[in-house]
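Visitor: This structure is in C-alpha cells; I'll ask about it shortly.
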Amino acid sequence: MEALTETLVSSALYVVATPIGNLADISLRALHILEGVDQIAAEDTRHSSRLLNHYGIQSSLISLHEHNEQVRTEELINCLAQGQNVALISDAGTPLISDPGYGLVQRVAAAGYRVIPIPGACAVVTALSAAGLPTDAFTFVGFSPSKAGARKRFFESHAGRQETWVFYESPRRLVASLENLLDAVGTDRQVTIARELTKMHETLLRGELGELVDNLRADPGQCRGEIVVLVNGLPAMEVAALDDDADRLLKLLLAELPVTRAAQIVAHYRDLPRRQVYQRALTLQE
C-alpha cells in the first residue's frame, strides 16, 4: 500500500477531484495535495473557498473558467516553468467532466510537464453506482441543450444507444427535457433521475419514463437541485437490422424527408414496429 502522504512533484499539474456535495467525500491524498501546491486553479473561487476554508487550506487560489481559460493557461504554464506545482479543481466532482480545464491539461501535457490525476467524487459514476441500470457499458453525453429544437435533436441522436447513457440536466427545464426524451425513446424506457447526490435531500427516482414525467409534473419539488438523468439502452431486439428492401426504401426516403416521417412511412408500408424503423433511420442518418 502506498503511503498516505507523498512528496509533491515540481512543475506538475495535479487534477484534483473534490466533493459533489458532502464535504467528507474528499480523499486524504487530495487534501495533502491541495495543502502543498503553490497554486490552486478553481472554476469559482468563492465556491471553492468554502471547501478550502473548511479544511484550513491556505494555498494561493486563482480562478480558471471558460472566459479566462486561455489567459490563465499561459500564466500557469509560466508557474510550472519556474518549478511551481499547480492543482486544478472544479466547483464539484472531477475536473473536466462538463467543466473547464481541457485547454489547460492539453497545453501542460504538450509542454512536457506532468499531469497527475487525484481521483475522487464524480456525479456520473456516483449516479451509475446506485441507478439500478446496466453498467457494463455506458456513455456520458454531457448537458442537454437549452433550446427546445436542439434538445429534441440531441435526444433523437442518442435514442438508439444500446448502452446506458447519462446526461446532466438543469432543474429549470427537467420536465421539458424529459418530455423531449419521451418523444424520442417512448414512455416505457427505464430511467433513473438522481437528484442532490450526497446531499441532505438526495433522491433517486426509478421507473418507466412516462410514469416519472407524470410524477414530476404533479410534484415540482422533485425538480430542484443538481440532477443526473440515466437512460436504459435500447433492447437489442429493437435495433435488429431491417431487411434489404425496407432498408433501401428507408435510405431513399431519408434523402427527401425528416427522420420521423421517413420512419412512419416505412413502418406503415412494411408493417414493421415504428420504433425499430426509427432507430434504424437514426443510425443511417449518422
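How things are named: the first chain in the C-alpha cells is A, the next is B, and so on; residues count from 1 in each chain; ligands count from 1 in the order shown.
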Taking only range 64-188 of chain A into account, list the residues labelled alpha helix (DSSP H) by DSSP (computed from the backbone), as a ChimeraX atom specification.
Guide: /A:69-81,102-110,123-131,148-158,174-185
Visitor: What's around range 99-109 of chain A at 12 Å? Count only C-alpha atoms, leave out sequence neighbours fewer than 5 positions away in its own chain, and write the answer as an mmCIF file with N, CA and C atoms, in the first residue's frame.
Guide:
```
data_model
loop_
_atom_site.group_PDB
_atom_site.id
_atom_site.type_symbol
_atom_site.label_atom_id
_atom_site.label_comp_id
_atom_site.auth_asym_id
_atom_site.auth_seq_id
_atom_site.Cartn_x
_atom_site.Cartn_y
_atom_site.Cartn_z
ATOM 1 N N SER A 11 6.897 21.357 -10.863
ATOM 2 C CA SER A 11 6.478 21.600 -12.252
ATOM 3 C C SER A 11 5.450 20.570 -12.716
ATOM 4 N N ALA A 12 4.457 20.294 -11.869
ATOM 5 C CA ALA A 12 3.417 19.320 -12.219
ATOM 6 C C ALA A 12 2.039 19.945 -11.999
ATOM 7 N N LEU A 13 1.091 19.513 -12.825
ATOM 8 C CA LEU A 13 -0.306 19.901 -12.667
ATOM 9 C C LEU A 13 -1.065 18.731 -12.056
ATOM 10 N N TYR A 14 -1.659 18.948 -10.895
ATOM 11 C CA TYR A 14 -2.481 17.936 -10.238
ATOM 12 C C TYR A 14 -3.958 18.227 -10.548
ATOM 13 N N VAL A 15 -4.648 17.245 -11.106
ATOM 14 C CA VAL A 15 -6.075 17.385 -11.400
ATOM 15 C C VAL A 15 -6.814 16.693 -10.260
ATOM 16 N N VAL A 16 -7.426 17.495 -9.384
ATOM 17 C CA VAL A 16 -7.910 17.008 -8.097
ATOM 18 C C VAL A 16 -9.437 16.984 -8.054
ATOM 19 N N ALA A 17 -9.998 15.816 -7.780
ATOM 20 C CA ALA A 17 -11.448 15.696 -7.605
ATOM 21 C C ALA A 17 -11.839 16.184 -6.215
ATOM 22 N N ALA A 41 -6.024 26.371 -9.050
ATOM 23 C CA ALA A 41 -6.883 26.997 -10.060
ATOM 24 C C ALA A 41 -8.282 26.414 -9.900
ATOM 25 N N ALA A 42 -9.262 27.289 -9.652
ATOM 26 C CA ALA A 42 -10.632 26.850 -9.371
ATOM 27 C C ALA A 42 -11.609 27.514 -10.321
ATOM 28 N N GLU A 43 -12.675 26.800 -10.648
ATOM 29 C CA GLU A 43 -13.699 27.335 -11.544
ATOM 30 C C GLU A 43 -14.356 28.581 -10.946
ATOM 31 N N ASP A 44 -14.716 28.522 -9.665
ATOM 32 C CA ASP A 44 -15.335 29.639 -8.963
ATOM 33 C C ASP A 44 -14.637 29.757 -7.613
ATOM 34 N N SER A 63 -8.772 31.979 -10.217
ATOM 35 C CA SER A 63 -9.913 31.487 -11.000
ATOM 36 C C SER A 63 -9.445 30.948 -12.352
ATOM 37 N N LEU A 64 -10.126 29.919 -12.813
ATOM 38 C CA LEU A 64 -9.946 29.398 -14.169
ATOM 39 C C LEU A 64 -11.315 28.916 -14.642
ATOM 40 N N HIS A 65 -11.907 29.683 -15.572
ATOM 41 C CA HIS A 65 -13.225 29.330 -16.084
ATOM 42 C C HIS A 65 -13.238 29.530 -17.591
ATOM 43 N N GLU A 66 -14.384 29.286 -18.216
ATOM 44 C CA GLU A 66 -14.435 29.282 -19.678
ATOM 45 C C GLU A 66 -14.098 30.636 -20.292
ATOM 46 N N HIS A 67 -14.239 31.705 -19.525
ATOM 47 C CA HIS A 67 -13.994 33.033 -20.075
ATOM 48 C C HIS A 67 -12.538 33.490 -19.960
ATOM 49 N N ASN A 68 -11.769 32.848 -19.078
ATOM 50 C CA ASN A 68 -10.367 33.271 -18.925
ATOM 51 C C ASN A 68 -9.370 32.124 -19.061
ATOM 52 N N GLU A 69 -9.863 30.958 -19.515
ATOM 53 C CA GLU A 69 -9.003 29.771 -19.515
ATOM 54 C C GLU A 69 -7.748 29.957 -20.361
ATOM 55 N N GLN A 70 -7.865 30.609 -21.497
ATOM 56 C CA GLN A 70 -6.706 30.769 -22.361
ATOM 57 C C GLN A 70 -5.620 31.621 -21.694
ATOM 58 N N VAL A 71 -6.016 32.751 -21.103
ATOM 59 C CA VAL A 71 -5.051 33.628 -20.429
ATOM 60 C C VAL A 71 -4.466 32.937 -19.203
ATOM 61 N N ARG A 72 -5.334 32.327 -18.392
ATOM 62 C CA ARG A 72 -4.863 31.654 -17.189
ATOM 63 C C ARG A 72 -3.910 30.499 -17.523
ATOM 64 N N THR A 73 -4.173 29.809 -18.622
ATOM 65 C CA THR A 73 -3.307 28.696 -19.012
ATOM 66 C C THR A 73 -1.881 29.174 -19.224
ATOM 67 N N GLU A 74 -1.714 30.289 -19.893
ATOM 68 C CA GLU A 74 -0.360 30.822 -20.124
ATOM 69 C C GLU A 74 0.298 31.199 -18.804
ATOM 70 N N GLU A 75 -0.464 31.792 -17.891
ATOM 71 C CA GLU A 75 0.084 32.158 -16.591
ATOM 72 C C GLU A 75 0.545 30.917 -15.817
ATOM 73 N N LEU A 76 -0.275 29.865 -15.862
ATOM 74 C CA LEU A 76 0.056 28.663 -15.108
ATOM 75 C C LEU A 76 1.209 27.892 -15.750
ATOM 76 N N ILE A 77 1.320 27.940 -17.060
ATOM 77 C CA ILE A 77 2.487 27.342 -17.733
ATOM 78 C C ILE A 77 3.766 28.031 -17.249
ATOM 79 N N ASN A 78 3.706 29.342 -17.088
ATOM 80 C CA ASN A 78 4.863 30.088 -16.573
ATOM 81 C C ASN A 78 5.201 29.666 -15.151
ATOM 82 N N CYS A 79 4.160 29.419 -14.339
ATOM 83 C CA CYS A 79 4.397 28.934 -12.975
ATOM 84 C C CYS A 79 5.120 27.589 -12.987
ATOM 85 N N LEU A 80 4.666 26.703 -13.857
ATOM 86 C CA LEU A 80 5.305 25.389 -13.963
ATOM 87 C C LEU A 80 6.749 25.526 -14.428
ATOM 88 N N ALA A 81 6.994 26.443 -15.333
ATOM 89 C CA ALA A 81 8.355 26.666 -15.842
ATOM 90 C C ALA A 81 9.295 27.138 -14.732
ATOM 91 N N ASN A 85 4.219 23.966 -8.523
ATOM 92 C CA ASN A 85 3.206 22.962 -8.853
ATOM 93 C C ASN A 85 1.826 23.575 -8.667
ATOM 94 N N VAL A 86 0.873 23.060 -9.434
ATOM 95 C CA VAL A 86 -0.469 23.651 -9.533
ATOM 96 C C VAL A 86 -1.514 22.553 -9.384
ATOM 97 N N ALA A 87 -2.603 22.868 -8.690
ATOM 98 C CA ALA A 87 -3.751 21.959 -8.624
ATOM 99 C C ALA A 87 -4.916 22.589 -9.378
ATOM 100 N N LEU A 88 -5.622 21.775 -10.108
ATOM 101 C CA LEU A 88 -6.839 22.200 -10.805
ATOM 102 C C LEU A 88 -8.028 21.540 -10.133
ATOM 103 N N ILE A 89 -9.012 22.342 -9.716
ATOM 104 C CA ILE A 89 -10.250 21.808 -9.151
ATOM 105 C C ILE A 89 -11.435 22.473 -9.850
ATOM 106 N N SER A 90 -12.580 21.817 -9.803
ATOM 107 C CA SER A 90 -13.815 22.409 -10.334
ATOM 108 C C SER A 90 -14.743 22.713 -9.163
ATOM 109 N N ASP A 91 -15.927 23.224 -9.464
ATOM 110 C CA ASP A 91 -16.868 23.538 -8.387
ATOM 111 C C ASP A 91 -17.252 22.299 -7.593
ATOM 112 N N ALA A 92 -17.328 21.166 -8.275
ATOM 113 C CA ALA A 92 -17.697 19.922 -7.614
ATOM 114 C C ALA A 92 -17.302 18.749 -8.494
ATOM 115 N N GLY A 93 -16.808 17.680 -7.873
ATOM 116 C CA GLY A 93 -16.502 16.469 -8.620
ATOM 117 C C GLY A 93 -15.160 16.502 -9.309
ATOM 118 N N THR A 94 -15.056 15.723 -10.369
ATOM 119 C CA THR A 94 -13.804 15.560 -11.104
ATOM 120 C C THR A 94 -13.672 16.626 -12.181
ATOM 121 N N ARG A 114 4.276 17.140 -16.261
ATOM 122 C CA ARG A 114 3.436 16.026 -15.820
ATOM 123 C C ARG A 114 2.034 16.507 -15.454
ATOM 124 N N VAL A 115 1.041 15.706 -15.801
ATOM 125 C CA VAL A 115 -0.342 15.913 -15.365
ATOM 126 C C VAL A 115 -0.695 14.704 -14.506
ATOM 127 N N ILE A 116 -1.023 14.950 -13.235
ATOM 128 C CA ILE A 116 -1.200 13.863 -12.273
ATOM 129 C C ILE A 116 -2.644 13.860 -11.766
ATOM 130 N N PRO A 117 -3.429 12.823 -12.057
ATOM 131 C CA PRO A 117 -4.822 12.781 -11.595
ATOM 132 C C PRO A 117 -4.924 12.341 -10.137
ATOM 133 N N CYS A 122 -17.348 11.864 -8.554
ATOM 134 C CA CYS A 122 -17.804 12.231 -9.896
ATOM 135 C C CYS A 122 -19.294 11.917 -9.950
ATOM 136 N N GLY A 142 -22.967 14.578 -21.529
ATOM 137 C CA GLY A 142 -22.888 15.975 -21.105
ATOM 138 C C GLY A 142 -24.230 16.559 -20.716
ATOM 139 N N PHE A 143 -24.347 17.886 -20.851
ATOM 140 C CA PHE A 143 -25.610 18.585 -20.595
ATOM 141 C C PHE A 143 -26.480 18.545 -21.841
ATOM 142 N N TYR A 168 -26.443 15.380 -17.740
ATOM 143 C CA TYR A 168 -26.762 16.341 -16.686
ATOM 144 C C TYR A 168 -27.933 17.210 -17.150
#
```
Visitor: Mind pulling up the distance from CA of Glu208 in chain A to CA of Gln222 in chain A?
Guide: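 Pair CA of Gln222 in chain A / CA of Glu208 in chain A returns 16.2 Å.
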Visitor: Can you pull out every residue within 7 Å of Phe167 in chain A, counting only C-alpha atoms, but drop anything in the same chain fewer than 2 positions away, and send it as a PyMOL selection string?
Guide: chain A and resi 140-144+165+169+228-230
Visitor: Mind dumping the selected residues with C-alpha atoms as a short mmCIF file (atom, residue, chain, number, x, y, z; two decimals), in the first residue's frame?
Guide:
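File written: out_31.cif
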```cif
data_model
loop_
_atom_site.label_atom_id
_atom_site.label_comp_id
_atom_site.auth_asym_id
_atom_site.auth_seq_id
_atom_site.Cartn_x
_atom_site.Cartn_y
_atom_site.Cartn_z
CA PHE A 140 -21.84 10.20 -20.75
CA VAL A 141 -23.29 12.78 -23.17
CA GLY A 142 -22.89 15.97 -21.10
CA PHE A 143 -25.61 18.58 -20.59
CA SER A 144 -28.68 18.60 -22.81
CA TRP A 165 -26.46 6.76 -21.28
CA GLU A 169 -29.89 18.46 -16.56
CA VAL A 228 -28.28 13.49 -13.28
CA VAL A 229 -30.52 11.52 -15.65
CA LEU A 230 -29.69 7.93 -16.65
#
```
Visitor: Which one is closest to Leu8 in chain A: A:Ser60, A:Val259, A:Arg217, A:Val37? Count only C-alpha atoms.
Guide: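 Going through A:Ser60, A:Val259, A:Arg217, A:Val37 one by one, the smallest distance to Leu8 in chain A is for A:Val37.
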Visitor: What's the separation between CA of Lys199 in chain A and CA of Ser48 in chain A, in Å to one decimal place?
Guide: 16.8 Å
Visitor: From the set A:Glu163, A:Asp247, A:Glu256, A:Glu226, which residue has the shortest atom-to-atom contact distance to Thr198 in chain A, counting only C-alpha atoms?
Guide: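 Closest to Thr198 in chain A, using only C-alpha atoms: A:Glu226.
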Visitor: Within 9 Å of Gln285 in chain A, counting only C-alpha atoms, which residues qualify if same-chain residues fewer than 2 places away don't, as a list in words?
Guide: Lys251, Leu254, Val259, Arg280, Ala281, Leu282 and Thr283 of chain A
Visitor: Could you jot down the CA of Ser177 in chain A to CA of Arg189 in chain A separation for me, Å, one decimal place?
Guide: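 Atom-to-atom, CA of Ser177 in chain A and CA of Arg189 in chain A are spaced 14.7 Å apart.
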Visitor: Can you tell me, as a PyMOL selection string, what residues are no more than 6 Å from range 158-162 of chain A when counting only C-alpha atoms, ignoring any on the same chain fewer than 5 positions away?
Guide: chain A and resi 185+233-234+279
Visitor: Find, counting only C-alpha atoms, the residue in A:Ile40, A:Leu23, A:Ile227, A:Leu182 that gets nearest to His54 in chain A.
Guide: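 Among A:Ile40, A:Leu23, A:Ile227, A:Leu182, it is A:Leu23 that comes nearest to His54 in chain A.
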Visitor: Using only C-alpha atoms, determine which residues lie at most 9 Å from Val175 in chain A, disregarding the query and same-chain residues fewer than 2 positions distant; provide the list as a list in words.
Guide: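 Here the qualifying residues turn out to be Pro171, Arg172, Arg173, Ser177, Leu178, Glu179, Asn180, Val213, Leu216, Arg217, Pro220 and Cys223 of chain A.
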Visitor: Return as a list in words the full set of residues in range 51-178 of chain A whose backbone-based DSSP assignment is strand (DSSP E).
Guide: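 Here is the list: Ser60, Leu61, Ile62, Ser63, Val86, Ala87, Leu88, Ile89, Arg114, Val115, Ile116, Pro117, Ile118, Phe138, Thr139, Phe140, Val141, Gly142, Phe143, Thr164, Trp165, Val166, Phe167, Tyr168 and Glu169 of chain A.
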Visitor: Grab the residues selected above and save them as a compact mmCIF listing (two decimals), in the first residue's frame with N, CA and C atoms.
Guide:
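Produced file out.txt, reproduced below:
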```txt
# COMPACT_ATOMS: atom_id res chain seq x y z
N SER A 60 -2.51 29.45 -2.43
CA SER A 60 -2.97 30.56 -3.26
C SER A 60 -4.05 30.07 -4.23
N LEU A 61 -5.16 30.82 -4.31
CA LEU A 61 -6.32 30.41 -5.11
C LEU A 61 -6.57 31.42 -6.23
N ILE A 62 -6.66 30.93 -7.47
CA ILE A 62 -6.97 31.80 -8.61
C ILE A 62 -8.10 31.17 -9.41
N SER A 63 -8.77 31.98 -10.22
CA SER A 63 -9.91 31.49 -11.00
C SER A 63 -9.45 30.95 -12.35
N VAL A 86 0.87 23.06 -9.43
CA VAL A 86 -0.47 23.65 -9.53
C VAL A 86 -1.51 22.55 -9.38
N ALA A 87 -2.60 22.87 -8.69
CA ALA A 87 -3.75 21.96 -8.62
C ALA A 87 -4.92 22.59 -9.38
N LEU A 88 -5.62 21.77 -10.11
CA LEU A 88 -6.84 22.20 -10.81
C LEU A 88 -8.03 21.54 -10.13
N ILE A 89 -9.01 22.34 -9.72
CA ILE A 89 -10.25 21.81 -9.15
C ILE A 89 -11.44 22.47 -9.85
N ARG A 114 4.28 17.14 -16.26
CA ARG A 114 3.44 16.03 -15.82
C ARG A 114 2.03 16.51 -15.45
N VAL A 115 1.04 15.71 -15.80
CA VAL A 115 -0.34 15.91 -15.36
C VAL A 115 -0.70 14.70 -14.51
N ILE A 116 -1.02 14.95 -13.23
CA ILE A 116 -1.20 13.86 -12.27
C ILE A 116 -2.64 13.86 -11.77
N PRO A 117 -3.43 12.82 -12.06
CA PRO A 117 -4.82 12.78 -11.60
C PRO A 117 -4.92 12.34 -10.14
N ILE A 118 -5.76 13.05 -9.39
CA ILE A 118 -6.06 12.68 -8.00
C ILE A 118 -7.54 12.33 -7.96
N PHE A 138 -21.42 2.20 -20.67
CA PHE A 138 -22.25 3.40 -20.55
C PHE A 138 -21.59 4.54 -21.30
N THR A 139 -22.37 5.57 -21.61
CA THR A 139 -21.89 6.75 -22.31
C THR A 139 -22.39 7.99 -21.59
N PHE A 140 -21.47 8.92 -21.32
CA PHE A 140 -21.84 10.20 -20.75
C PHE A 140 -21.93 11.21 -21.89
N VAL A 141 -23.08 11.89 -22.02
CA VAL A 141 -23.29 12.78 -23.17
C VAL A 141 -23.38 14.26 -22.76
N GLY A 142 -22.97 14.58 -21.53
CA GLY A 142 -22.89 15.97 -21.10
C GLY A 142 -24.23 16.56 -20.72
N PHE A 143 -24.35 17.89 -20.85
CA PHE A 143 -25.61 18.58 -20.59
C PHE A 143 -26.48 18.55 -21.84
N THR A 164 -26.38 2.01 -21.44
CA THR A 164 -26.92 3.06 -20.58
C THR A 164 -26.27 4.40 -20.94
N TRP A 165 -27.06 5.45 -21.02
CA TRP A 165 -26.46 6.76 -21.28
C TRP A 165 -26.92 7.76 -20.24
N VAL A 166 -26.04 8.73 -19.98
CA VAL A 166 -26.18 9.61 -18.83
C VAL A 166 -26.02 11.06 -19.28
N PHE A 167 -26.87 11.94 -18.75
CA PHE A 167 -26.69 13.36 -19.02
C PHE A 167 -27.02 14.18 -17.79
N TYR A 168 -26.44 15.38 -17.74
CA TYR A 168 -26.76 16.34 -16.69
C TYR A 168 -27.93 17.21 -17.15
N GLU A 169 -28.74 17.64 -16.19
CA GLU A 169 -29.89 18.46 -16.56
C GLU A 169 -30.09 19.61 -15.57
```
